[in-house]
>>> print(open('work-v1.txt').read())   # compact mmCIF, C-alpha atoms and all ligand atoms
# COMPACT_ATOMS: atom_id res chain seq x y z
CA MET S 1 25.48 67.20 119.42
CA LEU S 2 23.84 69.70 117.15
CA LYS S 3 25.10 69.73 113.56
CA LYS S 4 25.24 72.95 111.57
CA TRP S 5 21.54 73.10 110.70
CA SER S 6 19.94 76.08 109.04
CA ALA S 7 18.33 78.67 111.30
CA ALA S 8 14.93 77.76 109.80
CA VAL S 9 14.89 74.25 111.28
CA LEU S 10 16.76 75.11 114.47
CA GLY S 11 13.70 76.14 116.53
CA GLY S 12 12.04 72.75 115.91
CA LEU S 13 15.19 70.89 116.87
CA LEU S 14 15.43 72.79 120.16
CA VAL S 15 11.87 71.79 121.07
CA VAL S 16 12.70 68.13 120.39
CA GLY S 17 15.89 68.51 122.44
CA ALA S 18 14.01 70.01 125.36
CA LEU S 19 11.87 66.87 125.65
CA GLY S 20 14.79 64.50 125.94
CA ALA S 21 16.87 63.58 128.98
CA CYS S 22 20.08 65.48 129.64
CA GLY S 23 23.28 63.76 130.68
CA GLY S 24 25.96 65.79 132.52
CA GLU S 25 29.59 64.82 133.07
CA LYS S 26 30.86 64.09 136.55
CA GLU S 27 32.77 66.89 138.32
CA GLY S 28 36.42 66.96 137.32
CA ASP S 29 35.72 65.15 134.05
CA ALA S 30 35.61 67.24 130.91
CA GLY S 31 34.38 64.13 129.08
CA SER S 32 35.87 62.20 126.22
CA GLY S 33 32.78 60.65 124.59
CA ALA S 34 32.42 60.42 120.83
CA LYS S 35 30.43 63.10 119.05
CA LYS S 36 26.70 62.33 119.26
CA ASP S 37 24.13 63.43 116.73
CA ASP S 38 20.91 63.55 118.74
CA GLY S 39 19.81 67.05 117.74
CA LYS S 40 20.63 68.56 121.14
CA ILE S 41 22.90 71.49 121.80
CA THR S 42 26.03 70.34 123.63
CA MET S 43 27.61 72.86 126.00
CA GLY S 44 31.04 72.43 127.57
CA PHE S 45 31.15 74.30 130.88
CA ALA S 46 34.48 74.90 132.66
CA GLN S 47 33.70 75.81 136.27
CA VAL S 48 36.19 77.54 138.61
CA GLY S 49 35.89 74.98 141.42
CA ALA S 50 33.84 74.41 144.55
CA GLU S 51 35.53 77.01 146.74
CA SER S 52 32.44 78.61 148.28
CA GLY S 53 28.74 78.31 148.99
CA TRP S 54 28.22 80.74 146.11
CA ARG S 55 30.06 78.44 143.70
CA THR S 56 28.07 75.38 144.81
CA ALA S 57 24.82 77.28 144.18
CA ASN S 58 26.12 78.49 140.81
CA THR S 59 27.02 74.94 139.71
CA LYS S 60 23.57 73.67 140.78
CA SER S 61 21.88 76.50 138.88
CA ILE S 62 23.83 75.71 135.70
CA GLN S 63 23.26 71.94 135.89
CA GLU S 64 19.54 72.27 136.64
CA ALA S 65 19.01 74.91 133.95
CA ALA S 66 20.78 72.76 131.35
CA THR S 67 18.49 69.83 132.16
CA ALA S 68 15.42 72.06 131.99
CA ALA S 69 16.53 73.56 128.67
CA GLY S 70 17.34 70.18 127.10
CA ILE S 71 20.99 71.11 126.71
CA ASP S 72 23.56 68.32 126.94
CA LEU S 73 26.04 69.63 129.53
CA LYS S 74 29.66 68.57 129.81
CA PHE S 75 30.86 69.92 133.13
CA SER S 76 34.35 70.22 134.58
CA ASP S 77 35.66 71.54 137.91
CA ALA S 78 39.06 73.27 137.61
CA GLN S 79 39.78 73.26 141.34
CA GLN S 80 40.67 76.97 141.16
CA LYS S 81 43.50 76.35 138.65
CA GLN S 82 43.69 78.20 135.33
CA GLU S 83 45.65 75.38 133.67
CA ASN S 84 42.82 72.94 134.44
CA GLN S 85 40.29 75.30 132.89
CA ILE S 86 42.42 75.68 129.76
CA LYS S 87 42.72 71.85 129.51
CA ALA S 88 38.94 71.50 129.86
CA ILE S 89 38.29 74.12 127.16
CA ARG S 90 40.75 72.38 124.80
CA SER S 91 38.98 69.09 125.46
CA TYR S 92 35.61 70.70 124.61
CA ILE S 93 37.11 72.05 121.38
CA ALA S 94 38.43 68.57 120.51
CA GLN S 95 34.97 67.12 121.18
CA LYS S 96 33.44 69.75 118.86
CA VAL S 97 30.80 70.89 121.35
CA ASP S 98 28.30 73.44 120.02
CA ILE S 99 29.13 76.08 122.61
CA ILE S 100 31.58 76.64 125.46
CA ALA S 101 30.81 78.59 128.62
CA PHE S 102 33.19 79.23 131.48
CA SER S 103 33.80 81.32 134.55
CA PRO S 104 37.46 82.36 134.27
CA VAL S 105 39.34 81.78 137.52
CA VAL S 106 41.58 84.80 136.78
CA GLU S 107 41.23 87.69 134.32
CA SER S 108 44.44 87.33 132.28
CA GLY S 109 45.94 84.71 130.00
CA TRP S 110 42.98 83.52 127.94
CA ASP S 111 43.71 84.87 124.45
CA THR S 112 45.41 81.73 123.06
CA VAL S 113 42.74 79.24 124.07
CA LEU S 114 39.91 81.62 123.15
CA LYS S 115 41.51 82.04 119.71
CA GLU S 116 41.62 78.23 119.37
CA ALA S 117 37.87 78.09 120.07
CA LYS S 118 37.20 80.89 117.59
CA ASP S 119 39.28 79.15 114.89
CA ALA S 120 37.26 75.97 115.54
CA LYS S 121 34.09 78.11 115.12
CA ILE S 122 32.88 77.26 118.62
CA PRO S 123 31.26 80.28 120.31
CA VAL S 124 32.21 81.11 123.90
CA ILE S 125 30.10 82.73 126.63
CA LEU S 126 31.77 84.13 129.75
CA THR S 127 29.76 83.66 132.93
CA ASP S 128 30.23 85.31 136.32
CA ARG S 129 33.83 86.52 135.79
CA ALA S 130 35.31 88.56 132.96
CA VAL S 131 38.60 88.27 131.06
CA ASP S 132 40.90 91.19 130.20
CA SER S 133 41.33 90.24 126.51
CA LYS S 134 41.51 93.30 124.28
CA ASP S 135 39.89 91.34 121.45
CA THR S 136 36.24 91.15 122.47
CA SER S 137 35.42 89.09 119.36
CA LEU S 138 36.93 86.11 121.20
CA TYR S 139 33.68 85.67 123.15
CA LYS S 140 30.02 86.29 122.37
CA THR S 141 28.82 87.81 125.60
CA PHE S 142 29.47 88.10 129.32
CA ILE S 143 26.76 87.40 131.85
CA GLY S 144 27.39 88.27 135.50
CA SER S 145 27.56 90.90 138.20
CA ASP S 146 29.11 94.35 138.31
CA PHE S 147 31.84 93.61 140.87
CA VAL S 148 33.04 97.22 141.03
CA LEU S 149 29.54 98.28 142.00
CA GLU S 150 29.47 95.58 144.69
CA GLY S 151 32.70 97.00 146.19
CA LYS S 152 31.21 100.50 146.03
CA LYS S 153 28.07 99.40 147.86
CA ALA S 154 30.25 97.89 150.62
CA GLY S 155 32.18 101.19 150.90
CA GLU S 156 29.00 103.28 150.92
CA TRP S 157 27.60 101.33 153.87
CA LEU S 158 30.83 101.93 155.79
CA VAL S 159 30.84 105.66 155.06
CA LYS S 160 27.26 105.94 156.33
CA GLU S 161 27.96 103.79 159.40
CA TYR S 162 30.81 106.08 160.50
CA GLN S 163 29.20 109.35 159.43
CA GLY S 164 29.95 112.20 161.85
CA LYS S 165 32.76 110.26 163.59
CA THR S 166 36.35 111.48 163.45
CA ASP S 167 38.41 108.65 164.96
CA THR S 168 40.54 106.54 162.64
CA VAL S 169 38.74 103.43 161.37
CA ASN S 170 41.18 100.53 160.95
CA ILE S 171 40.02 98.19 158.20
CA VAL S 172 41.35 94.76 157.27
CA GLU S 173 40.44 93.28 153.90
CA LEU S 174 40.17 89.63 152.89
CA GLN S 175 40.59 89.58 149.12
CA GLY S 176 39.27 86.91 146.80
CA THR S 177 41.51 84.82 144.54
CA THR S 178 44.48 86.89 143.39
CA GLY S 179 44.03 88.09 139.81
CA SER S 180 40.32 87.21 139.67
CA ALA S 181 37.83 89.78 138.44
CA PRO S 182 35.78 89.84 141.68
CA ALA S 183 38.93 90.33 143.81
CA ASN S 184 40.27 93.10 141.58
CA ASP S 185 36.95 94.90 141.20
CA ARG S 186 35.57 94.55 144.72
CA LYS S 187 38.85 95.93 146.03
CA SER S 188 38.92 98.90 143.67
CA GLY S 189 35.21 99.75 144.04
CA PHE S 190 35.53 99.80 147.84
CA ALA S 191 38.78 101.80 147.77
CA ASP S 192 37.25 104.39 145.42
CA VAL S 193 34.46 105.16 147.88
CA ILE S 194 36.40 105.22 151.16
CA LYS S 195 39.35 107.25 149.82
CA ALA S 196 37.30 110.45 150.12
CA ASP S 197 37.64 110.30 153.92
CA PRO S 198 41.18 109.93 155.42
CA LYS S 199 39.84 108.46 158.66
CA PHE S 200 39.37 105.14 156.81
CA LYS S 201 42.63 103.21 156.77
CA VAL S 202 43.09 99.78 155.20
CA ILE S 203 45.79 98.48 157.54
CA ALA S 204 46.05 94.97 156.04
CA SER S 205 44.79 93.40 152.83
CA GLN S 206 45.52 89.83 151.80
CA THR S 207 43.98 87.04 149.77
CA GLY S 208 41.84 84.39 151.45
CA ASP S 209 41.22 82.69 148.09
CA PHE S 210 37.42 82.88 148.56
CA THR S 211 37.51 79.93 151.02
CA ARG S 212 36.38 79.64 154.62
CA ALA S 213 39.60 77.90 155.74
CA LYS S 214 41.86 80.55 154.23
CA GLY S 215 39.63 83.35 155.56
CA LYS S 216 40.08 81.97 159.07
CA GLU S 217 43.84 81.52 158.68
CA VAL S 218 44.46 85.02 157.31
CA MET S 219 42.18 86.65 159.90
CA GLU S 220 44.14 84.90 162.67
CA ALA S 221 47.31 86.50 161.30
CA PHE S 222 45.58 89.92 160.98
CA LEU S 223 44.45 89.71 164.62
CA LYS S 224 47.92 88.78 165.85
CA ALA S 225 49.61 91.61 163.94
CA ASN S 226 47.03 94.35 164.60
CA PRO S 227 45.79 95.10 168.13
CA LYS S 228 43.07 97.48 166.90
CA ILE S 229 40.87 96.26 164.06
CA ASP S 230 37.54 98.08 163.68
CA VAL S 231 36.22 96.65 160.41
CA LEU S 232 36.63 93.54 158.29
CA TYR S 233 35.72 93.76 154.60
CA ALA S 234 35.66 90.23 153.13
CA HIS S 235 35.18 89.76 149.38
CA ASN S 236 32.80 86.86 150.04
CA ASP S 237 30.66 85.32 152.78
CA ASP S 238 32.79 82.21 153.13
CA MET S 239 35.97 84.12 154.00
CA GLY S 240 33.91 86.28 156.37
CA LEU S 241 32.51 83.17 158.08
CA GLY S 242 36.02 81.72 158.49
CA ALA S 243 37.18 85.05 159.90
CA ILE S 244 34.31 85.03 162.41
CA GLU S 245 35.73 81.79 163.85
CA ALA S 246 39.12 83.48 164.25
CA ILE S 247 37.54 86.57 165.85
CA VAL S 248 35.60 84.47 168.37
CA ALA S 249 38.74 82.43 169.16
CA ALA S 250 40.56 85.72 169.85
CA GLY S 251 37.93 86.57 172.46
CA LYS S 252 36.23 89.29 170.41
CA LYS S 253 32.58 89.66 169.37
CA PRO S 254 32.05 89.59 165.59
CA GLY S 255 29.68 92.32 164.41
CA VAL S 256 30.26 94.31 167.62
CA ASP S 257 33.99 94.56 168.42
CA ILE S 258 34.77 94.19 164.72
CA LYS S 259 32.17 95.26 162.17
CA ILE S 260 31.95 92.91 159.20
CA ILE S 261 30.91 93.52 155.60
CA THR S 262 30.82 90.64 153.09
CA VAL S 263 29.63 89.94 149.55
CA ASP S 264 27.37 87.12 148.20
CA ALA S 265 24.37 86.63 150.54
CA VAL S 266 24.39 82.82 150.60
CA LYS S 267 22.29 81.16 153.34
CA ASP S 268 25.16 80.74 155.84
CA GLY S 269 26.17 84.37 155.39
CA MET S 270 22.58 85.57 155.72
CA THR S 271 22.16 83.49 158.90
CA ALA S 272 25.26 85.11 160.43
CA LEU S 273 23.91 88.52 159.34
CA SER S 274 20.52 87.82 160.95
CA GLU S 275 22.36 86.90 164.17
CA GLY S 276 24.33 90.18 164.15
CA LYS S 277 27.72 88.51 163.51
CA ILE S 278 27.92 90.18 160.10
CA ASN S 279 26.69 93.77 159.77
CA TYR S 280 26.03 94.12 156.04
CA ILE S 281 26.03 91.91 152.95
CA VAL S 282 26.18 93.01 149.33
CA GLU S 283 24.37 90.46 147.19
CA CYS S 284 26.02 88.66 144.27
CA SER S 285 23.61 86.26 142.60
CA PRO S 286 24.87 82.80 141.58
CA LEU S 287 21.62 81.89 139.80
CA LEU S 288 22.98 82.41 136.29
CA GLY S 289 21.90 79.07 134.81
CA PRO S 290 18.54 79.91 133.16
CA GLN S 291 19.86 83.10 131.50
CA LEU S 292 22.99 81.28 130.34
CA MET S 293 20.96 78.52 128.66
CA ASP S 294 18.69 81.10 126.94
CA LEU S 295 21.73 82.96 125.65
CA ALA S 296 23.38 79.72 124.49
CA LYS S 297 20.31 78.79 122.44
CA LYS S 298 20.26 82.24 120.85
CA VAL S 299 23.98 82.15 120.04
CA VAL S 300 23.72 78.70 118.44
CA ALA S 301 20.68 79.88 116.46
CA GLY S 302 22.73 82.80 115.14
CA GLU S 303 20.60 85.43 116.88
CA THR S 304 22.06 88.74 118.02
CA ILE S 305 22.58 88.96 121.78
CA PRO S 306 23.74 91.82 124.02
CA GLN S 307 27.51 92.02 124.66
CA ARG S 308 26.96 92.30 128.41
CA VAL S 309 24.12 90.85 130.49
CA LEU S 310 24.06 92.27 134.01
CA THR S 311 22.66 90.45 137.04
CA GLU S 312 20.21 92.34 139.25
CA GLU S 313 21.31 92.47 142.88
CA THR S 314 20.51 94.09 146.21
CA THR S 315 22.04 94.56 149.69
CA PHE S 316 21.01 93.23 153.11
CA THR S 317 20.94 94.58 156.66
CA PRO S 318 20.34 92.15 159.57
CA GLU S 319 16.58 92.92 159.55
CA GLN S 320 16.36 92.39 155.80
CA ALA S 321 18.26 89.09 156.15
CA LYS S 322 15.76 87.86 158.76
CA ALA S 323 12.90 88.62 156.38
CA ALA S 324 14.60 87.08 153.34
CA LEU S 325 15.97 83.90 154.94
CA PRO S 326 12.81 81.73 154.90
CA ASN S 327 12.63 81.99 151.10
CA ARG S 328 16.35 82.01 150.34
CA LYS S 329 17.10 79.36 147.71
CA TYR S 330 20.85 79.04 148.30
O1 LIG S 401 33.01 85.12 141.09
C1 LIG S 401 32.08 85.17 142.12
C2 LIG S 401 32.75 84.89 143.42
O2 LIG S 401 33.40 83.64 143.37
C3 LIG S 401 31.86 84.80 144.63
O3 LIG S 401 31.65 86.01 145.26
C4 LIG S 401 32.67 83.92 145.51
O4 LIG S 401 31.99 83.44 146.63
C5 LIG S 401 33.07 82.91 144.53
O5 LIG S 401 33.98 82.01 144.94
>>> encode(input="work-v1.txt", output="structure tokens", more="lines below")
Ligand code: AHR
Amino acid sequence: MLKKWSAAVLGGLLVVGALGACGGEKEGDAGSGAKKDDGKITMGFAQVGAESGWRTANTKSIQEAATAAGIDLKFSDAQQKQENQIKAIRSYIAQKVDIIAFSPVVESGWDTVLKEAKDAKIPVILTDRAVDSKDTSLYKTFIGSDFVLEGKKAGEWLVKEYQGKTDTVNIVELQGTTGSAPANDRKSGFADVIKADPKFKVIASQTGDFTRAKGKEVMEAFLKANPKIDVLYAHNDDMGLGAIEAIVAAGKKPGVDIKIITVDAVKDGMTALSEGKINYIVECSPLLGPQLMDLAKKVVAGETIPQRVLTEETTFTPEQAKAALPNRKY
């Protein structure tokens, strides 16, 4: 645990910290150890859960980056429940960690706990997902993707794919976790682009909670209720992969009978894309760990940091997926 040292000696302390070993908490355990004074920065990280391949890669990135940066990481898994994340953040406040980072499962309802952290003078960094708090002084920065842009990229591919065609295009949408920033933004970005052409019709849109199992279950229901589905837009690869199982079980060919667009570009998604079962993937990078640790060090040192740090991302066609797969890290 880093005490309130002056900025002048902080740089030296960080170098010492970087040479030491880093101990992380087990998943699901926000930790209850007594406050240490070993000169290291202690970060409390409240993760959403382990709902997808993306999340697993994100957790790995954060844990590995903390070790590499010599940051003592207390890690908790909220199992997709806001109340668990709030409990974990309160526990980090009670333990007087130097900094808190978290990926908010939903956008709303954070003001009270963020105010408690601010009153305790513990800075907070938002990673991956944003909150809708009006008071932006409740957190130091937000590092993550532009989810609206991701939805727009998905819509733009669709518009191009059906250019010059006049028949109605029936779309079903598998939304992410209800109330989460990526579900809200990927939905609105996509809708904004396709609304210009009335041939695109979203005939069903329901949450699949970003999981493969739920994606399969909801797609089964979509297929039963709708005899003609042309396109599936899934807010992440995992739901898309679950839906593929349902499509195959219904005797249809994924990527051919039903065109599929997903978001993330994790290895399993990219493999399905390279095999033609998915038609297009919009990338969302989970590798936020190194940037998060850099920002945390700067915040603790009292340095000025940007209010928003955007992740650089691309898109993939089947050919691009084939080329990228051998070097894909997650
Ligand atoms: O917040 C990022 C999203 O959360 C990813 O797209 C999804 O796979 C994850 O569960």
>>> residues_near_ligand(input="work-v1.txt", ligand="ligand LIG 401 (chain S)", cutoff="6 Å", atoms="only C-alpha atoms and all ligand atoms", output="ChimeraX atom specification")
/S:51-52,54-55,128-129,182,210,236,264
>>> closest_residue(input="work-v1.txt", among="S:Thr315, S:Thr136, S:Gln307, S:Thr168", to="Asp197 of chain S", atoms="all atoms listed in the file")
S:Thr168
>>> atom_distance(input="work-v1.txt", atom1="atom CA of Ile229 of chain S", atom2="atom CA of Ile258 of chain S")
6.5 Å
>>> closest_residue(input="work-v1.txt", among="S:Ala88, S:Ile143, S:Ala250, S:Ile71", to="Ser285 of chain S", atoms="only C-alpha atoms")
S:Ile143
>>> atom_distance(input="work-v1.txt", atom1="atom CA of Thr311 of chain S", atom2="atom CA of Leu149 of chain S")
11.5 Å
>>> residues_around(input="work-v1.txt", residues="segment 183-196 of chain S", least_positions_apart="4", cutoff="10 Å", atoms="all atoms listed in the file", output="ChimeraX atom specification")
/S:106-107,146-159,173-179,200-202,205,207,209-210,233-236,263
>>> closest_residue(input="work-v1.txt", among="S:Ser133, S:Asn226, S:Thr127, S:Gln80", to="Trp110 of chain S", atoms="only C-alpha atoms")
S:Ser133
>>> closest_residue(input="work-v1.txt", among="S:Val105, S:Ile244, S:Leu288, S:Ala181", to="Glu312 of chain S", atoms="all atoms listed in the file")
S:Leu288
>>> residues_near_point(input="work-v1.txt", point="(29.5, 86.0, 154.0)", cutoff="6 Å", atoms="only C-alpha atoms", output="ChimeraX atom specification")
/S:236-238,240-241,262-263,269
>>> atom_distance(input="work-v1.txt", atom1="atom CA of Met293 of chain S", atom2="atom CA of Ser61 of chain S")
10.5 Å
>>> residues_near_point(input="work-v1.txt", point="(40.4, 80.3, 161.0)", cutoff="10 Å", atoms="all atoms listed in the file", output="ChimeraX atom specification")
/S:212-221,239-249
>>> residues_around(input="work-v1.txt", residues="Tyr139 of chain S", least_positions_apart="2", cutoff="8 Å", atoms="all atoms listed in the file", output="ChimeraX atom specification")
/S:114,123-126,136-137,141-142
>>> closest_residue(input="work-v1.txt", among="S:Ala272, S:Val266, S:Ile305, S:Ala324", to="Asn58 of chain S", atoms="only C-alpha atoms")
S:Val266
>>> closest_residue(input="work-v1.txt", among="S:Glu64, S:Asp38, S:Glu313, S:Asp77", to="Ala50 of chain S", atoms="all atoms listed in the file")
S:Asp77
>>> build_atoms(input="work-v1.txt", residues="segment 36-47 of chain S", atoms="N, CA and C atoms", output="short mmCIF file (atom, residue, chain, number, x, y, z; two decimals), keeping the file's coordinate frame")
data_model
loop_
_atom_site.label_atom_id
_atom_site.label_comp_id
_atom_site.auth_asym_id
_atom_site.auth_seq_id
_atom_site.Cartn_x
_atom_site.Cartn_y
_atom_site.Cartn_z
N LYS S 36 28.04 62.89 119.49
CA LYS S 36 26.70 62.33 119.26
C LYS S 36 25.99 63.17 118.22
N ASP S 37 24.92 62.63 117.66
CA ASP S 37 24.13 63.43 116.73
C ASP S 37 22.66 63.26 117.07
N ASP S 38 22.28 63.75 118.26
CA ASP S 38 20.91 63.55 118.74
C ASP S 38 20.07 64.82 118.64
N GLY S 39 20.57 65.82 117.93
CA GLY S 39 19.81 67.05 117.74
C GLY S 39 19.86 68.01 118.91
N LYS S 40 20.56 67.66 119.98
CA LYS S 40 20.63 68.56 121.14
C LYS S 40 21.83 69.47 121.04
N ILE S 41 21.72 70.63 121.67
CA ILE S 41 22.90 71.49 121.80
C ILE S 41 23.80 70.87 122.88
N THR S 42 25.08 70.79 122.60
CA THR S 42 26.03 70.34 123.63
C THR S 42 26.84 71.55 124.10
N MET S 43 26.82 71.75 125.42
CA MET S 43 27.61 72.86 126.00
C MET S 43 28.74 72.27 126.86
N GLY S 44 29.94 72.76 126.67
CA GLY S 44 31.04 72.43 127.57
C GLY S 44 31.17 73.56 128.57
N PHE S 45 31.05 73.25 129.86
CA PHE S 45 31.15 74.30 130.88
C PHE S 45 32.36 74.05 131.78
N ALA S 46 33.27 75.02 131.82
CA ALA S 46 34.48 74.90 132.66
C ALA S 46 34.29 75.77 133.90
N GLN S 47 33.96 75.10 135.01
CA GLN S 47 33.70 75.81 136.27
C GLN S 47 35.01 76.10 137.00
#
